[in-house]
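Shown below: my_file_37.txt, with compact mmCIF, C-alpha atoms and all ligand atoms.
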# COMPACT_ATOMS: atom_id res chain seq x y z
CA MET A 1 -105.57 -71.24 37.74
CA ALA A 2 -108.79 -70.99 39.65
CA GLU A 3 -109.71 -67.69 38.02
CA GLN A 4 -109.50 -69.15 34.57
CA SER A 5 -111.61 -72.23 35.17
CA GLN A 6 -114.78 -70.13 35.00
CA THR A 7 -113.78 -69.18 31.45
CA THR A 8 -113.26 -72.66 30.12
CA GLN A 9 -116.20 -74.53 31.50
CA ALA A 10 -117.25 -77.90 30.29
CA GLY A 11 -120.11 -77.63 27.86
CA LYS A 12 -118.45 -74.88 25.88
CA GLY A 13 -119.11 -76.84 22.70
CA GLY A 14 -122.78 -76.88 23.60
CA PHE A 15 -122.77 -73.15 24.07
CA PHE A 16 -121.07 -72.60 20.73
CA ALA A 17 -123.62 -74.80 18.96
CA ARG A 18 -126.42 -72.77 20.52
CA LEU A 19 -124.70 -69.50 19.64
CA ARG A 20 -124.47 -70.57 15.99
CA GLN A 21 -128.07 -71.64 15.95
CA ARG A 22 -129.49 -68.64 17.80
CA LEU A 23 -127.37 -65.95 16.21
CA SER A 24 -128.39 -67.16 12.79
CA GLY A 25 -131.99 -66.81 14.00
CA GLY A 26 -131.19 -63.11 13.62
CA LYS A 27 -129.56 -64.25 10.37
CA GLY A 28 -126.07 -63.01 11.19
CA LEU A 29 -124.66 -61.75 7.93
CA ASN A 30 -127.50 -63.53 6.14
CA LEU A 31 -125.24 -65.39 3.74
CA ALA A 32 -126.89 -68.10 1.70
CA SER A 33 -125.24 -71.48 1.56
CA GLY A 34 -122.68 -71.51 -1.29
CA TRP A 35 -122.95 -67.75 -1.60
CA LEU A 36 -119.38 -67.52 -2.91
CA SER A 37 -119.45 -70.30 -5.43
CA GLY A 38 -118.32 -69.17 -8.85
CA ARG A 39 -117.69 -65.65 -7.61
CA LYS A 40 -114.63 -63.51 -7.22
CA LEU A 41 -113.74 -60.52 -5.11
CA ASP A 42 -114.94 -57.77 -7.41
CA ALA A 43 -116.84 -54.53 -6.93
CA ALA A 44 -120.19 -56.31 -6.87
CA LEU A 45 -119.13 -58.76 -4.17
CA GLU A 46 -117.61 -55.98 -2.11
CA GLU A 47 -120.80 -54.01 -2.34
CA GLU A 48 -122.84 -57.00 -1.27
CA LEU A 49 -120.61 -57.61 1.72
CA GLU A 50 -120.72 -53.96 2.64
CA THR A 51 -124.52 -54.02 2.64
CA ARG A 52 -124.64 -57.19 4.73
CA LEU A 53 -122.21 -55.87 7.30
CA LEU A 54 -124.08 -52.60 7.60
CA MET A 55 -127.42 -54.40 7.91
CA ALA A 56 -125.95 -56.57 10.64
CA ASP A 57 -125.21 -53.39 12.67
CA ALA A 58 -121.45 -53.44 12.16
CA GLY A 59 -121.39 -49.69 11.52
CA ILE A 60 -119.55 -47.82 8.78
CA GLY A 61 -116.09 -47.71 10.37
CA ALA A 62 -115.83 -51.44 11.07
CA THR A 63 -117.38 -52.29 7.70
CA GLU A 64 -114.76 -50.26 5.86
CA LYS A 65 -112.02 -51.83 7.93
CA VAL A 66 -113.21 -55.34 7.07
CA LEU A 67 -113.38 -54.59 3.34
CA HIS A 68 -109.98 -52.93 3.34
CA SER A 69 -108.40 -55.82 5.16
CA LEU A 70 -110.15 -58.32 2.87
CA ARG A 71 -108.77 -56.61 -0.24
CA ARG A 72 -105.30 -56.54 1.24
CA ARG A 73 -105.39 -60.21 2.17
CA ILE A 74 -106.76 -61.43 -1.12
CA GLY A 75 -104.60 -59.46 -3.52
CA LYS A 76 -105.04 -60.05 -7.24
CA ALA A 77 -103.88 -63.64 -7.45
CA ALA A 78 -106.56 -65.19 -5.25
CA ALA A 79 -109.45 -62.95 -6.19
CA ASP A 80 -111.44 -65.80 -7.68
CA ASN A 81 -110.76 -68.45 -5.04
CA PRO A 82 -113.90 -68.77 -2.89
CA GLU A 83 -112.18 -70.63 -0.06
CA GLN A 84 -109.52 -67.99 0.22
CA ILE A 85 -112.07 -65.21 0.11
CA SER A 86 -114.12 -66.89 2.80
CA GLU A 87 -111.08 -67.46 5.01
CA ALA A 88 -109.84 -63.89 4.47
CA LEU A 89 -113.27 -62.50 5.37
CA LYS A 90 -113.29 -64.49 8.59
CA GLU A 91 -109.81 -63.30 9.50
CA SER A 92 -110.63 -59.69 8.63
CA ILE A 93 -113.59 -59.72 11.01
CA ALA A 94 -111.74 -61.64 13.71
CA ASP A 95 -108.90 -59.10 13.58
CA ILE A 96 -111.31 -56.44 14.80
CA LEU A 97 -112.75 -58.58 17.60
CA ARG A 98 -109.67 -60.40 18.90
CA PRO A 99 -108.14 -57.44 20.77
CA HIS A 100 -111.39 -57.26 22.76
CA GLN A 101 -111.30 -60.88 23.83
CA ILE A 102 -110.06 -60.19 27.34
CA PRO A 103 -111.85 -62.44 29.84
CA LEU A 104 -112.63 -61.09 33.26
CA ASN A 105 -109.97 -62.17 35.70
CA ILE A 106 -111.06 -62.34 39.33
CA ASP A 107 -107.73 -61.12 40.62
CA ASP A 108 -107.08 -62.66 44.03
CA GLN A 109 -105.35 -59.47 45.16
CA HIS A 110 -108.82 -58.07 45.65
CA ARG A 111 -111.22 -59.57 48.15
CA PRO A 112 -114.09 -59.10 47.91
CA PHE A 113 -113.74 -58.57 44.18
CA VAL A 114 -116.54 -56.12 43.42
CA ILE A 115 -118.35 -56.28 40.08
CA LEU A 116 -120.66 -53.32 39.56
CA VAL A 117 -123.23 -54.15 36.90
CA VAL A 118 -124.76 -51.21 35.05
CA GLY A 119 -126.97 -50.66 32.03
CA VAL A 120 -130.28 -49.33 30.78
CA ASN A 121 -133.67 -50.77 31.74
CA GLY A 122 -134.24 -54.33 30.72
CA SER A 123 -130.81 -54.90 29.20
CA GLY A 124 -130.37 -58.05 31.27
CA LYS A 125 -128.34 -56.89 34.29
CA THR A 126 -130.12 -58.91 36.96
CA THR A 127 -130.30 -62.03 34.80
CA THR A 128 -126.60 -61.73 33.96
CA ILE A 129 -125.79 -61.45 37.66
CA GLY A 130 -127.75 -64.64 38.32
CA LYS A 131 -125.88 -66.48 35.58
CA LEU A 132 -122.50 -65.14 36.69
CA ALA A 133 -123.16 -66.10 40.30
CA ARG A 134 -123.47 -69.69 39.18
CA LYS A 135 -120.38 -69.54 36.99
CA PHE A 136 -118.22 -68.11 39.75
CA GLN A 137 -119.58 -70.56 42.26
CA ASP A 138 -118.86 -73.45 39.92
CA SER A 139 -115.27 -72.28 39.76
CA GLY A 140 -115.01 -72.46 43.56
CA LEU A 141 -115.51 -68.81 44.46
CA LYS A 142 -117.70 -67.61 47.31
CA VAL A 143 -120.31 -65.28 45.89
CA MET A 144 -122.64 -62.64 47.35
CA LEU A 145 -125.22 -60.47 45.60
CA ALA A 146 -126.08 -56.87 46.46
CA ALA A 147 -129.50 -55.47 45.59
CA GLY A 148 -128.43 -52.01 44.46
CA ASP A 149 -131.61 -51.59 42.42
CA THR A 150 -133.83 -50.03 45.08
CA TYR A 151 -135.67 -48.10 42.40
CA ARG A 152 -137.80 -50.60 40.51
CA ALA A 153 -140.50 -52.42 42.45
CA ALA A 154 -139.76 -56.14 42.68
CA ALA A 155 -136.13 -55.74 41.64
CA THR A 156 -134.92 -57.04 45.00
CA GLU A 157 -137.25 -60.06 44.84
CA GLN A 158 -135.92 -60.86 41.38
CA LEU A 159 -132.35 -60.82 42.68
CA GLN A 160 -133.35 -62.83 45.74
CA ALA A 161 -134.84 -65.49 43.49
CA TRP A 162 -131.49 -65.81 41.72
CA GLY A 163 -129.78 -65.93 45.11
CA GLU A 164 -132.01 -68.79 46.23
CA ARG A 165 -131.56 -70.67 42.98
CA ASN A 166 -127.79 -70.49 43.41
CA GLN A 167 -127.84 -70.59 47.20
CA VAL A 168 -125.84 -67.42 47.55
CA PRO A 169 -126.56 -64.66 50.09
CA VAL A 170 -128.27 -61.48 48.93
CA ILE A 171 -127.83 -58.20 50.79
CA SER A 172 -130.76 -55.83 50.40
CA GLN A 173 -132.65 -53.01 52.08
CA GLN A 174 -136.17 -51.65 51.77
CA PRO A 175 -137.36 -50.17 48.44
CA GLY A 176 -136.26 -46.58 48.02
CA ALA A 177 -133.12 -47.02 50.13
CA ASP A 178 -129.96 -45.29 48.99
CA PRO A 179 -128.25 -47.75 46.60
CA ALA A 180 -124.81 -46.49 47.62
CA ALA A 181 -125.65 -47.37 51.24
CA VAL A 182 -126.84 -50.85 50.24
CA LEU A 183 -123.62 -51.50 48.38
CA TYR A 184 -121.54 -50.09 51.23
CA ASP A 185 -123.22 -52.48 53.68
CA ALA A 186 -122.91 -55.36 51.24
CA PHE A 187 -119.19 -54.72 50.88
CA GLU A 188 -118.70 -54.83 54.65
CA ALA A 189 -120.81 -57.97 54.95
CA ALA A 190 -118.86 -59.60 52.13
CA LYS A 191 -115.59 -58.75 53.81
CA ALA A 192 -116.76 -60.10 57.14
CA ARG A 193 -117.92 -63.37 55.56
CA GLY A 194 -114.81 -63.94 53.47
CA ILE A 195 -116.66 -63.55 50.19
CA ASP A 196 -114.59 -63.69 46.98
CA VAL A 197 -116.94 -61.99 44.55
CA LEU A 198 -119.59 -59.38 45.27
CA LEU A 199 -121.96 -58.88 42.34
CA ALA A 200 -123.75 -55.54 42.65
CA ASP A 201 -126.99 -54.98 40.79
CA THR A 202 -128.06 -51.43 39.96
CA ALA A 203 -131.22 -49.80 38.70
CA GLY A 204 -131.79 -49.60 34.97
CA ARG A 205 -131.28 -46.13 33.68
CA LEU A 206 -131.22 -44.25 30.46
CA GLN A 207 -127.81 -42.89 29.74
CA ASN A 208 -129.33 -39.44 29.43
CA GLN A 209 -131.09 -39.58 32.79
CA ALA A 210 -128.87 -37.19 34.67
CA GLY A 211 -130.18 -38.13 38.13
CA LEU A 212 -129.50 -41.80 37.73
CA MET A 213 -126.10 -41.25 36.21
CA THR A 214 -125.22 -39.06 39.18
CA GLU A 215 -126.38 -41.89 41.43
CA LEU A 216 -123.98 -44.26 39.67
CA GLU A 217 -121.13 -41.83 40.19
CA LYS A 218 -122.01 -41.71 43.87
CA ILE A 219 -122.08 -45.51 44.11
CA VAL A 220 -118.61 -45.70 42.62
CA ARG A 221 -117.35 -43.00 44.99
CA VAL A 222 -118.78 -44.70 48.06
CA ILE A 223 -117.46 -48.17 47.16
CA ALA A 224 -114.01 -46.66 46.61
CA LYS A 225 -114.03 -45.46 50.22
CA LEU A 226 -113.90 -49.06 51.39
CA ASP A 227 -111.36 -50.16 48.82
CA PRO A 228 -109.75 -47.55 46.57
CA ALA A 229 -109.44 -50.15 43.80
CA ALA A 230 -113.16 -50.98 43.90
CA PRO A 231 -115.27 -51.52 41.92
CA HIS A 232 -112.76 -53.91 40.39
CA GLU A 233 -114.98 -54.36 37.39
CA THR A 234 -117.57 -51.92 36.09
CA MET A 235 -119.50 -54.02 33.65
CA LEU A 236 -121.98 -52.62 31.17
CA VAL A 237 -124.73 -55.01 30.15
CA LEU A 238 -125.96 -54.25 26.64
CA ASP A 239 -128.95 -55.60 24.76
CA ALA A 240 -127.69 -56.68 21.33
CA SER A 241 -131.07 -56.19 19.72
CA LEU A 242 -130.61 -52.43 20.12
CA GLY A 243 -128.16 -52.45 17.25
CA GLN A 244 -126.23 -49.23 16.78
CA ASN A 245 -127.87 -47.72 19.87
CA ALA A 246 -125.70 -50.03 21.91
CA VAL A 247 -122.66 -48.03 20.79
CA THR A 248 -124.22 -44.76 21.93
CA GLN A 249 -125.13 -46.29 25.29
CA ALA A 250 -121.67 -47.71 25.85
CA THR A 251 -120.03 -44.41 24.95
CA GLN A 252 -122.15 -42.45 27.39
CA PHE A 253 -121.77 -44.86 30.31
CA HIS A 254 -118.05 -44.98 29.65
CA GLU A 255 -117.81 -41.20 29.82
CA VAL A 256 -119.62 -41.03 33.15
CA ILE A 257 -118.19 -43.93 35.15
CA GLY A 258 -115.45 -45.54 33.08
CA LEU A 259 -116.33 -49.07 31.99
CA THR A 260 -113.89 -51.96 32.32
CA GLY A 261 -115.98 -54.59 30.56
CA ILE A 262 -119.00 -55.20 28.36
CA THR A 263 -121.41 -58.12 28.44
CA MET A 264 -123.66 -58.42 25.42
CA THR A 265 -127.01 -60.10 26.02
CA LYS A 266 -129.91 -61.21 23.84
CA LEU A 267 -127.84 -62.29 20.89
CA ASP A 268 -130.66 -64.80 20.44
CA SER A 269 -133.41 -62.22 20.10
CA GLY A 270 -133.17 -61.40 16.43
CA ALA A 271 -129.93 -59.49 16.93
CA LYS A 272 -127.77 -59.48 13.84
CA GLY A 273 -124.62 -59.65 15.92
CA GLY A 274 -122.51 -57.15 13.98
CA VAL A 275 -122.88 -54.64 16.80
CA LEU A 276 -119.83 -56.12 18.52
CA LEU A 277 -117.80 -55.04 15.51
CA ALA A 278 -119.09 -51.50 15.83
CA LEU A 279 -118.28 -51.46 19.54
CA ALA A 280 -114.84 -52.91 18.99
CA GLU A 281 -114.07 -50.34 16.37
CA GLN A 282 -115.20 -47.38 18.42
CA LEU A 283 -114.37 -48.19 22.03
CA ASP A 284 -111.41 -49.68 23.79
CA ILE A 285 -113.36 -51.84 26.23
CA PRO A 286 -112.95 -55.61 26.74
CA PHE A 287 -115.84 -57.93 25.86
CA ARG A 288 -116.38 -60.21 28.83
CA TYR A 289 -119.43 -62.43 28.29
CA ILE A 290 -122.19 -62.97 25.78
CA GLY A 291 -125.75 -64.01 26.57
CA ILE A 292 -127.87 -66.06 24.20
CA GLY A 293 -131.00 -66.82 26.25
CA GLU A 294 -132.73 -66.65 29.60
CA GLN A 295 -131.39 -69.85 31.13
CA LEU A 296 -128.41 -70.21 33.46
CA GLU A 297 -126.31 -71.93 30.83
CA ASP A 298 -127.01 -69.26 28.23
CA LEU A 299 -124.03 -67.10 29.14
CA ASP A 300 -120.41 -67.72 28.34
CA VAL A 301 -117.09 -65.99 27.94
CA PHE A 302 -116.66 -64.07 24.70
CA ASP A 303 -114.50 -65.92 22.18
CA ALA A 304 -113.72 -63.91 19.03
CA ASP A 305 -113.08 -66.84 16.69
CA GLN A 306 -116.18 -68.73 17.73
CA TYR A 307 -118.19 -65.58 17.43
CA VAL A 308 -117.03 -64.89 13.88
CA THR A 309 -117.73 -68.47 12.88
CA ALA A 310 -121.25 -68.12 14.23
CA LEU A 311 -121.71 -64.77 12.51
CA LEU A 312 -120.61 -66.16 9.16
CA LYS A 313 -122.66 -69.30 9.42
CA THR A 314 -124.59 -69.58 6.21
CA SER A 315 -128.26 -70.47 6.26
CA ASP A 316 -128.40 -73.96 4.86
N1 LIG B 1 -133.68 -63.84 25.05
C1 LIG B 1 -132.92 -63.37 26.04
N2 LIG B 1 -133.49 -62.76 27.07
C2 LIG B 1 -132.70 -62.28 28.05
C3 LIG B 1 -131.29 -62.41 28.02
N3 LIG B 1 -130.80 -61.84 29.14
C4 LIG B 1 -131.86 -61.37 29.82
N4 LIG B 1 -133.01 -61.65 29.19
C5 LIG B 1 -134.38 -61.30 29.57
O1 LIG B 1 -134.55 -59.90 29.48
C6 LIG B 1 -135.50 -59.46 30.46
C7 LIG B 1 -134.90 -58.34 31.30
O2 LIG B 1 -133.83 -58.88 32.04
P1 LIG B 1 -133.37 -58.30 33.45
O3 LIG B 1 -132.20 -59.11 33.87
O4 LIG B 1 -134.51 -58.15 34.36
O5 LIG B 1 -132.88 -56.85 32.96
P2 LIG B 1 -132.38 -55.66 33.88
O6 LIG B 1 -131.32 -54.96 33.10
O7 LIG B 1 -132.02 -56.13 35.22
O8 LIG B 1 -133.69 -54.76 33.90
P3 LIG B 1 -134.06 -53.58 34.95
O9 LIG B 1 -133.80 -54.11 36.31
O10 LIG B 1 -135.49 -53.29 34.69
O11 LIG B 1 -133.19 -52.44 34.59
C8 LIG B 1 -135.86 -60.68 31.28
O12 LIG B 1 -137.06 -61.21 30.80
C9 LIG B 1 -134.72 -61.65 30.99
O13 LIG B 1 -135.09 -63.00 31.13
C10 LIG B 1 -130.69 -63.07 26.88
O14 LIG B 1 -129.48 -63.23 26.73
N5 LIG B 1 -131.57 -63.53 25.93
MG MG B 2 -132.65 -55.57 37.08
Written as structure tokens, how would this file's structure read?
Ligand SMILES: Nc1nc2c(ncn2[C@@H]2O[C@H](COP(=O)(O)OP(=O)(O)OP(=O)(O)O)[C@@H](O)[C@H]2O)c(=O)[nH]1
Ligand SMILES: [Mg+2]
Amino acid sequence: MAEQSQTTQAGKGGFFARLRQRLSGGKGLNLASGWLSGRKLDAALEEELETRLLMADAGIGATEKVLHSLRRRIGKAAADNPEQISEALKESIADILRPHQIPLNIDDQHRPFVILVVGVNGSGKTTTIGKLARKFQDSGLKVMLAAGDTYRAAATEQLQAWGERNQVPVISQQPGADPAAVLYDAFEAAKARGIDVLLADTAGRLQNQAGLMTELEKIVRVIAKLDPAAPHETMLVLDASLGQNAVTQATQFHEVIGLTGITMTKLDSGAKGGVLLALAEQLDIPFRYIGIGEQLEDLDVFDADQYVTALLKTSD
């Protein structure tokens, strides 16, 4: 399964180790080593967990779900068994995340497979495209990049640098060009060159910037003229350090263009990591990748169980 090989790259263990280390830099749930020893699931412990989940940006809905599920799992009999409490907590959190663990599948029915990457300024769109280009290439796919950010000065150069680093072609026009036209041309070029995956960068925008949101709608409309199924993935890149704001952003982008995937970046930058719980609880959108740094290897497919383990890592 060529599509799947990108999701199970060698070095996954290395990524997980770095995720654990970097996520706990933001302290995750900030649990001290041995935090459960000699304790039982009582009102005080529940309150402590509630506070930690809320402080880690999990949001009220997801926090209540976790506590409810924890109570149900533990029952009366095991209320004072720390291992069982710890295991039940992990499962209760994983239950919320697992339905969102749906890796991006580059369906070979669609060539070029168009991935439109959207998000607010500085969320990590261009960097994520650079990292994904390498991943797809490593799994044997032919990749092209499209410089749909004609808005910010130097955006095209930044994408070109990633193109050179990965030796993949970059289609661009002059600054100020119509992004929809750039992506239209890129699609045709990709088709002509037998490209498998076209990664389309777009300008950063605030979700309340009406003009830019309209531009995104136009981009989607224009791409669909060439292939009614395109874009085959509309991926929102979110900066995890924004906490609960990430949920607002995702909701608004989803309303305007309909998202098919989320990539969460900057889980290394002091982010508490609970925001994925809030997103999972409020939106029915798959989590595709997570980013934990600026380097090529700092992006990998979202794995719910690994993520929970990293989140619950105690500081020891
Ligand atoms: N620490 C950390 N930094 C990241 C990560 N992903 C991206 N960055 C950095 O965040 C900054 C912004 O990234 P870009 O990829 O330029 O963001 P963008 O969304 O394309 O920004 P605009 O084009 O201005 O909208 C850069 O300095 C990146 O190196 C990550 O996972 N962790
Ligand atoms: Mg950019």
So that I can check the surroundings of stretch 163-173 of chain A, please list as a PDB file with C-alpha atoms, in the frame of the given file every protein, DNA and RNA residue that reaches within 12 Å of it, counting only C-alpha atoms and ignoring chain neighbours fewer than 5 positions away.
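Result saved to out-v6.pdb:
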ATOM      1  CA  THR A 126    -130.120 -58.910  36.960  1.00  0.00           C
ATOM      2  CA  THR A 127    -130.300 -62.030  34.800  1.00  0.00           C
ATOM      3  CA  ILE A 129    -125.790 -61.450  37.660  1.00  0.00           C
ATOM      4  CA  GLY A 130    -127.750 -64.640  38.320  1.00  0.00           C
ATOM      5  CA  LYS A 131    -125.880 -66.480  35.580  1.00  0.00           C
ATOM      6  CA  LEU A 132    -122.500 -65.140  36.690  1.00  0.00           C
ATOM      7  CA  ALA A 133    -123.160 -66.100  40.300  1.00  0.00           C
ATOM      8  CA  ARG A 134    -123.470 -69.690  39.180  1.00  0.00           C
ATOM      9  CA  LYS A 135    -120.380 -69.540  36.990  1.00  0.00           C
ATOM     10  CA  PHE A 136    -118.220 -68.110  39.750  1.00  0.00           C
ATOM     11  CA  GLN A 137    -119.580 -70.560  42.260  1.00  0.00           C
ATOM     12  CA  ASP A 138    -118.860 -73.450  39.920  1.00  0.00           C
ATOM     13  CA  LEU A 141    -115.510 -68.810  44.460  1.00  0.00           C
ATOM     14  CA  LYS A 142    -117.700 -67.610  47.310  1.00  0.00           C
ATOM     15  CA  VAL A 143    -120.310 -65.280  45.890  1.00  0.00           C
ATOM     16  CA  MET A 144    -122.640 -62.640  47.350  1.00  0.00           C
ATOM     17  CA  LEU A 145    -125.220 -60.470  45.600  1.00  0.00           C
ATOM     18  CA  ALA A 146    -126.080 -56.870  46.460  1.00  0.00           C
ATOM     19  CA  ALA A 147    -129.500 -55.470  45.590  1.00  0.00           C
ATOM     20  CA  GLY A 148    -128.430 -52.010  44.460  1.00  0.00           C
ATOM     21  CA  ASP A 149    -131.610 -51.590  42.420  1.00  0.00           C
ATOM     22  CA  THR A 150    -133.830 -50.030  45.080  1.00  0.00           C
ATOM     23  CA  TYR A 151    -135.670 -48.100  42.400  1.00  0.00           C
ATOM     24  CA  ALA A 154    -139.760 -56.140  42.680  1.00  0.00           C
ATOM     25  CA  ALA A 155    -136.130 -55.740  41.640  1.00  0.00           C
ATOM     26  CA  THR A 156    -134.920 -57.040  45.000  1.00  0.00           C
ATOM     27  CA  GLU A 157    -137.250 -60.060  44.840  1.00  0.00           C
ATOM     28  CA  GLN A 158    -135.920 -60.860  41.380  1.00  0.00           C
ATOM     29  CA  ASP A 178    -129.960 -45.290  48.990  1.00  0.00           C
ATOM     30  CA  PRO A 179    -128.250 -47.750  46.600  1.00  0.00           C
ATOM     31  CA  ALA A 180    -124.810 -46.490  47.620  1.00  0.00           C
ATOM     32  CA  ALA A 181    -125.650 -47.370  51.240  1.00  0.00           C
ATOM     33  CA  VAL A 182    -126.840 -50.850  50.240  1.00  0.00           C
ATOM     34  CA  LEU A 183    -123.620 -51.500  48.380  1.00  0.00           C
ATOM     35  CA  TYR A 184    -121.540 -50.090  51.230  1.00  0.00           C
ATOM     36  CA  ASP A 185    -123.220 -52.480  53.680  1.00  0.00           C
ATOM     37  CA  ALA A 186    -122.910 -55.360  51.240  1.00  0.00           C
ATOM     38  CA  PHE A 187    -119.190 -54.720  50.880  1.00  0.00           C
ATOM     39  CA  GLU A 188    -118.700 -54.830  54.650  1.00  0.00           C
ATOM     40  CA  ALA A 189    -120.810 -57.970  54.950  1.00  0.00           C
ATOM     41  CA  ALA A 190    -118.860 -59.600  52.130  1.00  0.00           C
ATOM     42  CA  ARG A 193    -117.920 -63.370  55.560  1.00  0.00           C
ATOM     43  CA  ILE A 195    -116.660 -63.550  50.190  1.00  0.00           C
ATOM     44  CA  ASP A 196    -114.590 -63.690  46.980  1.00  0.00           C
ATOM     45  CA  VAL A 197    -116.940 -61.990  44.550  1.00  0.00           C
ATOM     46  CA  LEU A 198    -119.590 -59.380  45.270  1.00  0.00           C
ATOM     47  CA  LEU A 199    -121.960 -58.880  42.340  1.00  0.00           C
ATOM     48  CA  ALA A 200    -123.750 -55.540  42.650  1.00  0.00           C
ATOM     49  CA  ASP A 201    -126.990 -54.980  40.790  1.00  0.00           C
ATOM     50  CA  THR A 202    -128.060 -51.430  39.960  1.00  0.00           C
ATOM     51  CA  GLN A 295    -131.390 -69.850  31.130  1.00  0.00           C
ATOM     52  CA  LEU A 296    -128.410 -70.210  33.460  1.00  0.00           C
TER      53      LEU A 296
END
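For the pair atom CA of A:Leu23 and atom O11 of ligand LIG 1 (chain B), the separation is 23.5 Å.
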Please identify every polymer residue within 6 Å of ligand LIG 1 (chain B), using all atoms listed in the file, and present the set as a PyMOL selection string.
-> chain A and resi 120-127+203-204+265-266+268-269+291-294
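The space between atom CA of A:Arg205 and atom CA of A:Gly119 spans 6.5 Å.
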Which of these, A:Arg152, A:His254, A:His110, A:Lys76, has the shortest distance to ligand MG 2 (chain B) once you count only C-alpha atoms and all ligand atoms?
->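 Counting only C-alpha atoms and all ligand atoms, the residue closest to ligand MG 2 (chain B) is A:Arg152.
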Distance criterion (only C-alpha atoms): nearest to A:Pro112 out of A:Pro231, A:Gly34, A:Gly258, A:Gly273 = A:Pro231
